[in-house]
file input38.pdb (PDB, C-alpha atoms)
MODEL        1
ATOM      1  CA  MET V   1      59.860  17.483 177.118
ATOM      2  CA  ASN V   2      62.103  20.279 176.056
ATOM      3  CA  ASP V   3      65.700  19.797 177.254
ATOM      4  CA  GLU V   4      66.811  23.326 176.438
ATOM      5  CA  PRO V   5      67.806  25.427 179.456
ATOM      6  CA  ASP V   6      65.259  28.016 180.450
ATOM      7  CA  ALA V   7      66.067  31.452 181.870
ATOM      8  CA  ARG V   8      64.143  30.566 185.026
ATOM      9  CA  HIS V   9      65.787  27.140 185.410
ATOM     10  CA  ARG V  10      69.463  27.566 184.853
ATOM     11  CA  PRO V  11      71.647  24.455 185.129
ATOM     12  CA  GLU V  12      73.848  24.036 188.178
ATOM     13  CA  PRO V  13      77.383  25.331 187.588
ATOM     14  CA  SER V  14      80.166  22.747 187.551
ATOM     15  CA  ASP V  15      83.145  22.898 189.918
ATOM     16  CA  ALA V  16      85.325  24.261 187.114
ATOM     17  CA  GLU V  17      82.873  27.126 186.530
ATOM     18  CA  MET V  18      82.652  27.914 190.235
ATOM     19  CA  GLY V  19      86.357  28.658 190.554
ATOM     20  CA  SER V  20      88.459  28.591 193.690
ATOM     21  CA  PRO V  21      86.859  31.392 195.816
ATOM     22  CA  ILE V  22      83.379  29.842 195.743
ATOM     23  CA  GLY V  23      84.793  26.372 196.355
ATOM     24  CA  GLU V  24      86.563  27.643 199.468
ATOM     25  CA  LEU V  25      83.362  29.230 200.740
ATOM     26  CA  ALA V  26      81.501  25.940 200.257
ATOM     27  CA  ASP V  27      83.820  24.302 202.806
ATOM     28  CA  ILE V  28      82.873  26.746 205.577
ATOM     29  CA  GLY V  29      79.133  26.360 205.131
ATOM     30  CA  GLU V  30      77.037  25.972 208.268
ATOM     31  CA  PRO V  31      74.218  23.459 208.656
ATOM     32  CA  THR V  32      70.720  24.852 208.426
ATOM     33  CA  SER V  33      68.606  25.095 211.543
ATOM     34  CA  LEU V  34      65.738  22.682 212.095
ATOM     35  CA  GLY V  35      63.033  25.322 211.577
ATOM     36  CA  PHE V  36      64.531  26.889 208.449
ATOM     37  CA  PHE V  37      62.832  24.635 205.917
ATOM     38  CA  GLY V  38      59.531  24.928 207.790
ATOM     39  CA  ARG V  39      59.725  28.728 207.665
ATOM     40  CA  VAL V  40      60.552  28.644 203.957
ATOM     41  CA  ARG V  41      57.647  26.256 203.285
ATOM     42  CA  ASN V  42      55.252  28.462 205.306
ATOM     43  CA  SER V  43      56.357  31.536 203.376
ATOM     44  CA  ILE V  44      55.808  29.773 200.061
ATOM     45  CA  ASP V  45      52.405  28.504 201.212
ATOM     46  CA  ARG V  46      51.288  31.996 202.280
ATOM     47  CA  ARG V  47      52.218  33.475 198.919
ATOM     48  CA  ARG V  48      50.586  30.598 197.063
ATOM     49  CA  LEU V  49      47.379  30.986 199.105
ATOM     50  CA  GLY V  50      47.249  34.699 198.284
ATOM     51  CA  SER V  51      47.775  33.954 194.613
ATOM     52  CA  ASP V  52      45.101  31.257 194.573
ATOM     53  CA  LEU V  53      42.560  33.467 196.369
ATOM     54  CA  THR V  54      43.215  36.348 193.972
ATOM     55  CA  GLU V  55      42.766  34.065 190.977
ATOM     56  CA  LEU V  56      39.591  32.600 192.451
ATOM     57  CA  SER V  57      38.110  36.036 193.129
ATOM     58  CA  TRP V  58      38.756  37.197 189.556
ATOM     59  CA  ASN V  59      37.349  33.982 188.115
ATOM     60  CA  GLY V  60      34.272  34.380 190.316
ATOM     61  CA  VAL V  61      33.666  37.957 189.149
ATOM     62  CA  ILE V  62      34.094  36.976 185.510
ATOM     63  CA  SER V  63      31.721  34.002 185.910
ATOM     64  CA  VAL V  64      29.030  36.186 187.503
ATOM     65  CA  MET V  65      29.379  38.808 184.770
ATOM     66  CA  LEU V  66      29.061  36.138 182.063
ATOM     67  CA  GLU V  67      25.906  34.818 183.740
ATOM     68  CA  PHE V  68      24.429  38.342 183.763
ATOM     69  CA  VAL V  69      25.212  38.752 180.060
ATOM     70  CA  ASP V  70      23.642  35.363 179.357
ATOM     71  CA  MET V  71      20.505  36.293 181.323
ATOM     72  CA  ALA V  72      20.214  39.605 179.462
ATOM     73  CA  ALA V  73      20.616  37.821 176.128
ATOM     74  CA  GLN V  74      17.891  35.341 177.089
ATOM     75  CA  LEU V  75      15.552  38.193 178.025
ATOM     76  CA  VAL V  76      16.129  39.985 174.732
ATOM     77  CA  THR V  77      15.926  36.952 172.453
ATOM     78  CA  GLY V  78      13.177  35.184 174.372
ATOM     79  CA  THR V  79      15.049  31.905 174.483
ATOM     80  CA  GLY V  80      15.798  29.991 177.594
ATOM     81  CA  THR V  81      14.316  27.425 179.911
ATOM     82  CA  THR V  82      11.157  28.848 181.415
ATOM     83  CA  LYS V  83       8.132  26.972 182.743
ATOM     84  CA  LYS V  84       5.153  26.924 180.451
ATOM     85  CA  ARG V  85       2.049  28.623 181.833
ATOM     86  CA  ARG V  86      -1.155  26.587 181.979
TER      87      ARG V  86
ENDMDL
END
call {"tool": "encode", "arguments": {"input": "input38.pdb", "output": "structure tokens"}}
result
Amino acid sequence: MNDEPDARHRPEPSDAEMGSPIGELADIGEPTSLGFFGRVRNSIDRRRLGSDLTELSWNGVISVMLEFVDMAAQLVTGTGTTKKRR
């Protein structure tokens, strides 16, 4: 694995980097409500479902188009798996 920090995955800042104003704000934090994490998870799942369906639809279209090209190539070249006539 690569241990170098990535722009998308920045390391957590240390207490010295946070400074005094942010440290003071951390002390007055409120606990999260019971449904907060469920709402966040549902939001992530909805976006992921949309992404997966979009990817599936594009892959389906590309697969069908490749099958059409393959069928056309088989018609032109005369190769393929056809039943022999008696």
call {"tool": "axis_aligned_box", "arguments": {"input": "input38.pdb", "around": "range 59-75 of chain V", "padding_each_side": "8 Å", "output": "AutoDock Vina command-line options"}}
result
--center_x 26.5 --center_y 36.8 --center_z 183.2 --size_x 37.8 --size_y 21.6 --size_z 30.2
call {"tool": "atom_distance", "arguments": {"input": "input38.pdb", "atom1": "CA of Met71 in chain V", "atom2": "CA of Trp58 in chain V"}}
result
20.0 Å
call {"tool": "atom_distance", "arguments": {"input": "input38.pdb", "atom1": "CA of Leu34 in chain V", "atom2": "CA of Arg46 in chain V"}}
result
19.8 Å
call {"tool": "atom_distance", "arguments": {"input": "input38.pdb", "atom1": "CA of Glu12 in chain V", "atom2": "CA of Leu25 in chain V"}}
result
16.6 Å
